[in-house]
>>> print(open('my_file_23.tsv').read())   # TSV, C-alpha atoms
chain	number	residue	atom	x	y	z
A	1	MET	CA	46.18	40.77	191.34
A	2	ARG	CA	46.07	37.89	193.79
A	3	ARG	CA	43.03	39.44	195.42
A	4	SER	CA	41.05	39.73	192.17
A	5	SER	CA	41.79	36.13	191.15
A	6	ALA	CA	40.65	34.97	194.58
A	7	THR	CA	37.42	36.92	194.09
A	8	LEU	CA	36.93	35.34	190.66
A	9	ILE	CA	37.49	31.84	192.05
A	10	GLY	CA	35.07	32.62	194.88
A	11	VAL	CA	32.38	33.82	192.46
A	12	ALA	CA	32.87	30.77	190.21
A	13	ALA	CA	32.66	28.41	193.18
A	14	GLY	CA	29.51	30.17	194.37
A	15	MET	CA	27.90	29.84	190.95
A	16	LEU	CA	28.75	26.15	190.79
A	17	ALA	CA	27.36	25.55	194.27
A	18	GLY	CA	24.21	27.55	193.45
A	19	GLY	CA	23.69	25.65	190.20
A	20	ALA	CA	24.08	22.33	191.96
A	21	PHE	CA	21.61	23.43	194.63
A	22	ILE	CA	19.01	24.54	192.11
A	23	ARG	CA	19.46	21.36	190.08
A	24	ARG	CA	19.00	19.29	193.21
A	25	ARG	CA	15.87	21.22	194.16
A	26	THR	CA	14.27	20.96	190.75
A	27	THR	CA	15.04	17.28	190.21
A	28	ALA	CA	11.74	15.41	190.36
A	29	ARG	CA	11.38	13.96	193.80
A	30	GLU	CA	9.59	10.67	194.04
A	31	ARG	CA	6.39	10.95	196.02
A	32	VAL	CA	2.85	9.65	196.28
A	33	ASP	CA	0.05	12.08	197.12
A	34	LEU	CA	-3.19	10.60	198.43
A	35	TYR	CA	-6.34	12.71	198.40
A	36	TYR	CA	-9.32	11.78	200.56
A	37	GLU	CA	-13.00	12.57	200.24
A	38	ASP	CA	-12.98	14.71	203.39
A	39	GLY	CA	-10.47	17.04	201.72
A	40	SER	CA	-7.39	15.81	203.54
A	41	MET	CA	-4.20	14.90	201.70
A	42	VAL	CA	-1.25	12.73	202.64
A	43	SER	CA	2.05	13.05	200.82
A	44	LEU	CA	4.38	10.08	201.07
A	45	THR	CA	7.90	10.99	200.00
A	46	ASP	CA	10.55	8.48	199.08
A	47	GLY	CA	11.76	6.95	202.31
A	48	ALA	CA	8.36	6.82	204.00
A	49	ALA	CA	7.13	3.38	205.04
A	50	ASP	CA	4.53	2.91	202.29
A	51	ALA	CA	6.08	5.13	199.62
A	52	GLY	CA	8.51	2.52	198.27
A	53	ARG	CA	5.76	-0.06	197.77
A	54	LEU	CA	3.40	2.42	196.09
A	55	LEU	CA	6.14	3.86	193.88
A	56	SER	CA	7.01	0.36	192.74
A	57	LEU	CA	3.33	-0.19	191.82
A	58	ALA	CA	3.32	3.18	190.01
A	59	ARG	CA	6.32	2.09	187.95
A	60	ASP	CA	4.37	-1.03	186.98
A	61	VAL	CA	1.56	1.24	185.74
A	62	LEU	CA	4.03	3.34	183.72
A	63	ARG	CA	5.56	0.19	182.22
A	64	ALA	CA	2.11	-1.12	181.28
A	65	ALA	CA	1.25	2.20	179.61
A	66	ARG	CA	4.41	2.37	177.46
B	67	MET	CA	-21.17	9.70	177.42
B	68	ASP	CA	-19.38	6.61	176.13
B	69	ALA	CA	-16.09	5.87	177.95
B	70	GLN	CA	-14.17	5.74	174.69
B	71	GLN	CA	-15.60	9.11	173.64
B	72	ALA	CA	-14.75	10.59	177.05
B	73	LEU	CA	-11.15	9.43	176.65
B	74	ALA	CA	-10.98	10.84	173.13
B	75	ASP	CA	-12.14	14.20	174.51
B	76	LEU	CA	-9.64	13.91	177.36
B	77	THR	CA	-6.63	13.34	175.12
B	78	GLU	CA	-7.82	16.16	172.89
B	79	ILE	CA	-8.00	18.75	175.68
B	80	SER	CA	-5.10	17.49	177.78
B	81	SER	CA	-1.80	17.25	175.98
B	82	GLN	CA	-0.17	16.04	179.19
B	83	VAL	CA	-2.04	12.73	179.32
B	84	GLU	CA	-0.03	10.05	177.54
B	85	ALA	CA	-2.24	7.03	178.23
B	86	ALA	CA	-5.51	6.58	180.08
B	87	VAL	CA	-7.94	3.82	180.90
B	88	ILE	CA	-11.43	3.78	182.41
B	89	PHE	CA	-12.34	0.68	184.35
B	90	ASP	CA	-14.70	-0.52	187.05
B	91	GLU	CA	-14.12	-1.83	190.56
B	92	ARG	CA	-13.57	-5.35	189.19
B	93	GLY	CA	-10.92	-4.14	186.75
B	94	LYS	CA	-13.13	-4.48	183.68
B	95	VAL	CA	-11.99	-2.00	181.04
B	96	ALA	CA	-14.69	0.35	179.71
B	97	GLY	CA	-12.38	2.34	177.46
B	98	SER	CA	-8.73	3.00	176.85
B	99	THR	CA	-6.42	5.16	174.79
B	100	LEU	CA	-4.28	2.09	174.11
B	101	ALA	CA	-5.08	0.27	170.89
B	102	ASP	CA	-4.20	-3.15	172.27
B	103	GLY	CA	-6.94	-4.59	174.49
B	104	GLN	CA	-4.53	-6.75	176.48
B	105	ARG	CA	-2.28	-3.76	177.24
B	106	ALA	CA	-5.34	-1.79	178.36
B	107	ALA	CA	-6.33	-4.63	180.68
B	108	ASP	CA	-2.77	-4.78	182.08
B	109	LEU	CA	-2.81	-1.02	182.65
B	110	ALA	CA	-6.18	-1.22	184.43
B	111	ALA	CA	-4.96	-4.12	186.58
B	112	ALA	CA	-1.77	-2.29	187.55
B	113	ALA	CA	-3.72	0.89	188.36
B	114	ALA	CA	-6.26	-1.08	190.42
B	115	GLU	CA	-3.38	-2.63	192.36
B	116	LEU	CA	-1.89	0.82	193.01
B	117	LEU	CA	-5.27	2.12	194.21
B	118	ALA	CA	-5.73	-0.89	196.50
B	119	GLY	CA	-2.22	-0.39	197.86
B	120	ALA	CA	-2.93	3.28	198.51
B	121	GLU	CA	-6.19	2.44	200.28
B	122	ALA	CA	-4.24	0.23	202.67
B	123	VAL	CA	-2.16	3.21	203.83
B	124	LYS	CA	-3.19	4.36	207.27
B	125	SER	CA	-3.68	8.08	206.92
B	126	GLY	CA	-5.84	8.99	209.89
B	127	SER	CA	-8.51	10.30	207.53
B	128	ASP	CA	-12.15	9.31	208.00
B	129	GLY	CA	-13.10	9.63	204.34
B	130	PRO	CA	-12.32	7.14	201.58
B	131	LEU	CA	-9.48	7.69	199.13
B	132	ASN	CA	-10.69	9.71	196.15
B	133	GLN	CA	-7.66	10.24	193.99
B	134	LEU	CA	-3.91	9.83	193.98
B	135	GLU	CA	-0.82	10.91	192.15
B	136	ALA	CA	2.43	8.98	192.15
B	137	ALA	CA	5.35	11.03	190.85
B	138	THR	CA	8.53	9.37	189.62
B	139	PRO	CA	11.36	10.73	187.45
B	140	GLU	CA	10.05	8.56	184.59
B	141	GLY	CA	6.55	10.02	184.77
B	142	SER	CA	3.47	10.43	186.92
B	143	VAL	CA	0.51	8.15	187.49
B	144	PHE	CA	-2.94	9.50	188.33
B	145	VAL	CA	-5.91	7.50	189.55
B	146	VAL	CA	-9.32	9.08	190.24
B	147	ARG	CA	-12.48	7.31	191.21
B	148	ASP	CA	-16.13	8.20	191.31
B	149	GLY	CA	-18.29	5.48	192.82
B	150	LYS	CA	-17.54	2.23	191.05
B	151	THR	CA	-15.83	3.84	188.08
B	152	ARG	CA	-12.12	4.63	188.00
B	153	ILE	CA	-9.86	6.42	185.59
B	154	ALA	CA	-6.09	6.01	185.51
B	155	ALA	CA	-3.71	8.08	183.43
B	156	THR	CA	0.01	8.45	182.92
B	157	THR	CA	1.89	11.63	182.09
B	158	ALA	CA	5.48	12.72	181.59
B	159	ALA	CA	7.47	13.78	184.64
B	160	GLU	CA	6.41	16.93	186.47
B	161	PRO	CA	2.96	17.54	184.99
B	162	THR	CA	0.56	20.32	186.03
B	163	VAL	CA	-1.07	18.21	188.72
B	164	GLY	CA	-4.20	20.31	189.31
B	165	LEU	CA	-4.96	20.52	185.62
B	166	VAL	CA	-4.56	16.79	185.04
B	167	PHE	CA	-6.83	15.99	188.00
B	168	TYR	CA	-9.42	18.44	186.69
B	169	ASP	CA	-9.40	16.88	183.22
B	170	LEU	CA	-9.59	13.34	184.61
B	171	LYS	CA	-12.50	14.23	186.88
B	172	SER	CA	-14.34	15.86	183.98
B	173	ALA	CA	-13.89	12.74	181.85
B	174	LEU	CA	-14.98	10.49	184.70
B	175	ARG	CA	-18.04	12.64	185.43
B	176	ALA	CA	-19.06	12.45	181.78
B	177	VAL	CA	-18.97	8.65	181.95
B	178	VAL	CA	-20.57	8.27	185.38
B	179	SER	CA	-23.48	10.59	184.55
B	180	LYS	CA	-24.52	8.34	181.65
B	181	PRO	CA	-25.95	5.34	183.62
B	182	ALA	CA	-27.52	7.69	186.16
B	183	ALA	CA	-29.52	9.37	183.42
B	184	ARG	CA	-30.63	6.01	182.12
B	185	GLU	CA	-31.84	4.82	185.54
B	186	GLU	CA	-34.16	7.80	185.92
B	187	PRO	CA	-37.75	6.56	185.65
B	188	SER	CA	-39.96	7.85	182.86
B	189	PRO	CA	-42.87	10.12	183.83
B	190	ALA	CA	-45.36	7.32	183.08
B	191	THR	CA	-43.77	4.97	185.64
B	192	LYS	CA	-43.21	7.58	188.30
B	193	LYS	CA	-44.84	6.86	191.61
B	194	PRO	CA	-47.46	9.36	192.73
B	195	ALA	CA	-46.37	11.64	195.51
B	196	PRO	CA	-47.63	10.57	198.95
B	197	LYS	CA	-50.76	12.34	200.10
B	198	LYS	CA	-50.33	15.12	202.56
B	199	LYS	CA	-51.66	14.56	206.01
B	200	PRO	CA	-54.69	16.68	206.85
B	201	ALA	CA	-53.83	19.86	208.66
B	202	ALA	CA	-56.32	19.01	211.44
B	203	ALA	CA	-54.14	16.11	212.54
B	204	LYS	CA	-51.51	18.54	213.71
B	205	LYS	CA	-51.55	18.86	217.44
B	206	PRO	CA	-51.77	22.44	218.62
B	207	ALA	CA	-49.05	23.69	220.89
B	208	PRO	CA	-50.14	23.99	224.52
B	209	ARG	CA	-50.95	27.49	225.65
B	210	LYS	CA	-48.89	29.12	228.27
B	211	LYS	CA	-50.61	29.92	231.50
B	212	LYS	CA	-50.71	33.52	232.39
B	213	ASP	CA	-48.44	34.47	235.26
B	214	ALA	CA	-50.06	35.88	238.35
B	215	SER	CA	-47.56	38.77	238.36
>>> encode(input="my_file_23.tsv", output="C-alpha coordinates")
Amino acid sequence: MRRSSATLIGVAAGMLAGGAFIRRRTTARERVDLYYEDGSMVSLTDGAADAGRLLSLARDVLRAAR
Amino acid sequence: MDAQQALADLTEISSQVEAAVIFDERGKVAGSTLADGQRAADLAAAAAELLAGAEAVKSGSDGPLNQLEAATPEGSVFVVRDGKTRIAATTAAEPTVGLVFYDLKSALRAVVSKPAAREEPSPATKKPAPKKKPAAAKKPAPRKKKDAS
(Lines of atoms letter the chains of each structure in order from A and count residues from 1; the text may use other names and numbers.)
(Lines give C-alpha, C1' and ligand atoms only; values in the text may rest on other atoms or scores of the structure.)
Protein backbone atom coordinates (compact mmCIF):
# COMPACT_ATOMS: atom_id res chain seq x y z
CA MET A 1 0.00 0.00 0.00
CA ARG A 2 2.73 2.39 1.04
CA ARG A 3 4.76 1.33 -1.98
CA SER A 4 1.97 2.02 -4.49
CA SER A 5 1.24 5.47 -3.04
CA ALA A 6 4.94 6.30 -3.25
CA THR A 7 4.90 5.23 -6.90
CA LEU A 8 1.84 7.42 -7.56
CA ILE A 9 3.48 10.42 -5.90
CA GLY A 10 6.64 9.77 -7.93
CA VAL A 11 4.70 9.61 -11.20
CA ALA A 12 2.76 12.80 -10.35
CA ALA A 13 5.96 14.63 -9.45
CA GLY A 14 7.55 13.46 -12.69
CA MET A 15 4.60 14.69 -14.72
CA LEU A 16 4.69 18.07 -13.01
CA ALA A 17 8.42 18.41 -13.59
CA GLY A 18 8.04 17.33 -17.23
CA GLY A 19 5.21 19.78 -17.81
CA ALA A 20 7.21 22.61 -16.30
CA PHE A 21 10.19 21.68 -18.47
CA ILE A 22 8.14 21.60 -21.66
CA ARG A 23 6.44 24.89 -20.78
CA ARG A 24 9.81 26.47 -20.15
CA ARG A 25 11.15 25.17 -23.46
CA THR A 26 8.19 26.33 -25.50
CA THR A 27 7.94 29.78 -23.93
CA ALA A 28 8.96 32.30 -26.58
CA ARG A 29 12.55 33.22 -25.97
CA GLU A 30 13.52 36.75 -26.80
CA ARG A 31 16.07 36.89 -29.58
CA VAL A 32 17.19 38.89 -32.58
CA ASP A 33 18.30 37.06 -35.73
CA LEU A 34 20.41 39.00 -38.21
CA TYR A 35 20.78 37.69 -41.75
CA TYR A 36 23.59 38.91 -43.99
CA GLU A 37 23.94 39.04 -47.75
CA ASP A 38 26.76 36.47 -47.73
CA GLY A 39 24.35 33.93 -46.22
CA SER A 40 25.64 34.12 -42.66
CA MET A 41 23.30 34.58 -39.71
CA VAL A 42 23.86 35.84 -36.18
CA SER A 43 21.38 35.08 -33.43
CA LEU A 44 21.48 37.37 -30.42
CA THR A 45 19.63 35.88 -27.48
CA ASP A 46 18.47 37.83 -24.48
CA GLY A 47 21.54 38.51 -22.39
CA ALA A 48 23.90 39.13 -25.31
CA ALA A 49 25.55 42.55 -25.44
CA ASP A 50 23.46 44.02 -28.26
CA ALA A 51 20.30 41.97 -27.80
CA GLY A 52 18.79 44.15 -25.05
CA ARG A 53 19.15 47.33 -27.11
CA LEU A 54 17.72 45.75 -30.27
CA LEU A 55 14.84 44.10 -28.40
CA SER A 56 13.96 47.45 -26.88
CA LEU A 57 13.88 48.95 -30.40
CA ALA A 58 11.74 46.01 -31.57
CA ARG A 59 9.24 46.71 -28.79
CA ASP A 60 9.06 50.31 -30.02
CA VAL A 61 8.16 48.95 -33.49
CA LEU A 62 5.46 46.70 -32.01
CA ARG A 63 4.05 49.62 -30.01
CA ALA A 64 3.99 51.81 -33.13
CA ALA A 65 2.16 49.09 -35.06
CA ARG A 66 -0.59 48.55 -32.46
CA MET B 1 3.75 47.30 -58.69
CA ASP B 2 2.48 50.06 -56.43
CA ALA B 3 3.66 49.74 -52.79
CA GLN B 4 0.11 49.95 -51.49
CA GLN B 5 -1.00 47.20 -53.87
CA ALA B 6 1.97 45.04 -52.86
CA LEU B 7 0.98 45.41 -49.20
CA ALA B 8 -2.63 44.58 -50.00
CA ASP B 9 -1.44 41.39 -51.72
CA LEU B 10 0.85 40.65 -48.78
CA THR B 11 -1.87 40.87 -46.15
CA GLU B 12 -4.12 38.79 -48.38
CA ILE B 13 -1.66 35.90 -48.72
CA SER B 14 -0.07 36.12 -45.28
CA SER B 15 -2.47 35.89 -42.39
CA GLN B 16 0.45 36.17 -39.98
CA VAL B 17 1.35 39.75 -40.90
CA GLU B 18 -0.49 42.17 -38.62
CA ALA B 19 0.98 45.45 -39.84
CA ALA B 20 3.49 46.33 -42.53
CA VAL B 21 5.10 49.39 -44.01
CA ILE B 22 7.28 49.99 -47.07
CA PHE B 23 9.71 52.86 -46.82
CA ASP B 24 12.95 54.11 -48.31
CA GLU B 25 16.40 54.68 -46.82
CA ARG B 26 15.35 58.15 -45.65
CA GLY B 27 12.31 56.78 -43.85
CA LYS B 28 9.81 58.10 -46.39
CA VAL B 29 6.73 55.88 -46.37
CA ALA B 30 5.72 54.45 -49.76
CA GLY B 31 2.83 52.37 -48.45
CA SER B 32 1.41 51.01 -45.24
CA THR B 33 -1.31 48.74 -43.94
CA LEU B 34 -2.05 51.32 -41.24
CA ALA B 35 -4.81 53.76 -42.09
CA ASP B 36 -3.26 56.63 -40.16
CA GLY B 37 -0.37 58.28 -42.03
CA GLN B 38 1.31 59.49 -38.85
CA ARG B 39 1.25 55.99 -37.33
CA ALA B 40 2.74 54.60 -40.55
CA ALA B 41 5.53 57.19 -40.38
CA ASP B 42 6.17 56.30 -36.71
CA LEU B 43 6.31 52.61 -37.60
CA ALA B 44 8.75 53.28 -40.46
CA ALA B 45 10.93 55.44 -38.20
CA ALA B 46 11.00 52.81 -35.46
CA ALA B 47 11.83 50.06 -37.98
CA ALA B 48 14.58 52.20 -39.55
CA GLU B 49 16.05 52.73 -36.09
CA LEU B 50 15.98 48.97 -35.43
CA LEU B 51 17.70 48.30 -38.77
CA ALA B 52 20.35 50.93 -38.06
CA GLY B 53 20.91 49.44 -34.61
CA ALA B 54 21.27 45.96 -36.11
CA GLU B 55 23.75 47.22 -38.70
CA ALA B 56 25.93 48.52 -35.88
CA VAL B 57 26.29 45.00 -34.45
CA LYS B 58 29.71 43.58 -35.13
CA SER B 59 29.05 40.17 -36.60
CA GLY B 60 32.27 39.31 -38.38
CA SER B 61 30.37 39.03 -41.65
CA ASP B 62 31.68 40.73 -44.79
CA GLY B 63 28.28 41.23 -46.40
CA PRO B 64 25.73 43.88 -45.50
CA LEU B 65 22.70 43.10 -43.35
CA ASN B 66 19.81 41.91 -45.52
CA GLN B 67 17.04 41.06 -43.13
CA LEU B 68 16.31 40.62 -39.46
CA GLU B 69 13.78 39.18 -37.11
CA ALA B 70 13.33 40.30 -33.52
CA ALA B 71 11.24 37.87 -31.47
CA THR B 72 9.59 38.94 -28.24
CA PRO B 73 6.74 37.35 -26.25
CA GLU B 74 4.48 40.19 -27.44
CA GLY B 75 5.21 39.55 -31.12
CA SER B 76 7.87 39.51 -33.79
CA VAL B 77 9.29 42.27 -35.93
CA PHE B 78 10.66 41.62 -39.41
CA VAL B 79 12.68 44.01 -41.54
CA VAL B 80 13.86 43.16 -45.06
CA ARG B 81 15.66 45.41 -47.46
CA ASP B 82 16.40 45.37 -51.15
CA GLY B 83 18.62 48.23 -52.26
CA LYS B 84 17.11 51.47 -51.02
CA THR B 85 13.69 50.01 -50.31
CA ARG B 86 12.76 48.42 -46.99
CA ILE B 87 9.75 46.58 -45.70
CA ALA B 88 8.95 46.14 -42.02
CA ALA B 89 6.22 43.94 -40.62
CA THR B 90 4.91 42.83 -37.26
CA THR B 91 3.36 39.48 -36.41
CA ALA B 92 2.02 37.70 -33.35
CA ALA B 93 4.46 35.75 -31.20
CA GLU B 94 6.10 32.66 -32.70
CA PRO B 95 5.29 33.10 -36.39
CA THR B 96 6.47 30.80 -39.20
CA VAL B 97 9.66 32.76 -39.76
CA GLY B 98 10.63 31.36 -43.18
CA LEU B 99 7.18 31.92 -44.58
CA VAL B 100 6.96 35.51 -43.36
CA PHE B 101 10.39 36.31 -44.81
CA TYR B 102 9.36 34.75 -48.12
CA ASP B 103 6.17 36.81 -48.30
CA LEU B 104 7.96 40.02 -47.35
CA LYS B 105 10.66 39.46 -49.96
CA SER B 106 8.03 38.78 -52.62
CA ALA B 107 6.22 42.02 -51.76
CA LEU B 108 9.47 43.97 -51.75
CA ARG B 109 10.56 42.47 -55.08
CA ALA B 110 7.24 43.48 -56.63
CA VAL B 111 7.82 47.08 -55.56
CA VAL B 112 11.53 47.25 -56.40
CA SER B 113 11.04 45.82 -59.90
CA LYS B 114 8.69 48.68 -60.81
CA PRO B 115 11.24 51.57 -61.09
CA ALA B 116 13.77 49.26 -62.75
CA ALA B 117 11.32 48.53 -65.54
CA ARG B 118 10.66 52.22 -65.97
CA GLU B 119 14.38 53.09 -66.24
CA GLU B 120 14.87 50.68 -69.13
CA PRO B 121 15.48 52.73 -72.29
CA SER B 122 13.07 52.45 -75.20
CA PRO B 123 14.35 50.76 -78.38
CA ALA B 124 14.45 54.14 -80.17
CA THR B 125 16.88 55.63 -77.62
CA LYS B 126 19.05 52.56 -77.29
CA LYS B 127 22.69 53.09 -78.11
CA PRO B 128 24.03 51.11 -81.04
CA ALA B 129 26.25 48.22 -80.10
CA PRO B 130 29.97 48.98 -80.45
CA LYS B 131 31.52 47.80 -83.68
CA LYS B 132 33.51 44.64 -83.55
CA LYS B 133 37.20 44.93 -84.09
CA PRO B 134 38.39 43.44 -87.37
CA ALA B 135 39.62 39.90 -87.05
CA ALA B 136 42.92 40.84 -88.73
CA ALA B 137 43.88 42.95 -85.73
CA LYS B 138 44.20 39.84 -83.65
CA LYS B 139 47.80 38.94 -83.13
CA PRO B 140 48.59 35.36 -84.05
CA ALA B 141 50.10 33.18 -81.38
CA PRO B 142 53.82 32.56 -81.88
CA ARG B 143 54.68 29.20 -83.33
CA LYS B 144 56.62 26.75 -81.34
CA LYS B 145 60.02 25.86 -82.63
CA LYS B 146 60.49 22.27 -83.48
CA ASP B 147 62.72 20.39 -81.08
CA ALA B 148 65.89 18.90 -82.45
CA SER B 149 65.06 15.56 -80.79
>>> atom_distance(input="my_file_23.tsv", atom1="CA of Thr162 (chain B)", atom2="CA of Ser81 (chain B)")
10.8 Å
>>> residues_around(input="my_file_23.tsv", residues="Val87 (chain B)", least_positions_apart="3", cutoff="10 Å", atoms="all atoms listed in the file", output="VMD selection string")
(chain A and resid 65) or (chain B and resid 69 to 70 73 95 to 100 106 to 107 109 to 110 113 145 152 to 156)
>>> closest_atom_pairs(input="my_file_23.tsv", of="region 104-193 of chain B", to="region 43-58 of chain A", cutoff="7 Å", atoms="all atoms listed in the file", output="tab-separated table")
residue	atom	partner	partner_atom	distance
B:Ala112	CA	A:Leu57	CA	7.0
B:Leu116	CA	A:Leu57	CA	5.4
B:Gly119	CA	A:Leu54	CA	6.5
B:Ala120	CA	A:Leu54	CA	6.8
B:Val123	CA	A:Asp50	CA	6.9
B:Ala136	CA	A:Ala58	CA	6.2
B:Val143	CA	A:Ala58	CA	6.2
>>> write_last_selection(input="my_file_23.tsv", atoms="C-alpha atoms", output="PDB file, keeping the file's coordinate frame")
ATOM      1  CA  ALA B 112      -1.770  -2.290 187.550  1.00  0.00           C
ATOM      2  CA  LEU B 116      -1.890   0.820 193.010  1.00  0.00           C
ATOM      3  CA  GLY B 119      -2.220  -0.390 197.860  1.00  0.00           C
ATOM      4  CA  ALA B 120      -2.930   3.280 198.510  1.00  0.00           C
ATOM      5  CA  VAL B 123      -2.160   3.210 203.830  1.00  0.00           C
ATOM      6  CA  ALA B 136       2.430   8.980 192.150  1.00  0.00           C
ATOM      7  CA  VAL B 143       0.510   8.150 187.490  1.00  0.00           C
TER       8      VAL B 143
END
>>> interface_residues(input="my_file_23.tsv", of="chain A", to="chain B", cutoff="7 Å", atoms="all atoms listed in the file", output="list in words")
Ala28, Arg29, Glu30, Arg31, Val32, Asp33, Leu34, Tyr35, Tyr36, Glu37, Asp38, Ser40, Val42, Asp50, Leu54, Leu55, Leu57, Ala58, Asp60, Val61, Leu62, Ala64 and Ala65 of chain A
>>> axis_aligned_box(input="my_file_23.tsv", around="region 46-53 of chain A", padding_each_side="8 Å", output="JSON")
{"center_x": 8.1, "center_y": 4.2, "center_z": 201.4, "size_x": 23.2, "size_y": 24.5, "size_z": 23.3}
>>> residues_around(input="my_file_23.tsv", residues="Leu76 (chain B)", least_positions_apart="2", cutoff="10 Å", atoms="all atoms listed in the file", output="list in words")
Gln70, Gln71, Ala72, Leu73, Ala74, Glu78, Ile79, Ser80, Ser81, Gln82, Val83, Ala86, Thr99, Val166, Asp169, Leu170, Lys171, Ser172, Ala173 and Leu174 of chain B
>>> atom_distance(input="my_file_23.tsv", atom1="CA of Asp90 (chain B)", atom2="CA of Thr151 (chain B)")
4.6 Å
>>> atom_distance(input="my_file_23.tsv", atom1="CA of Arg175 (chain B)", atom2="CA of Asp148 (chain B)")
7.6 Å
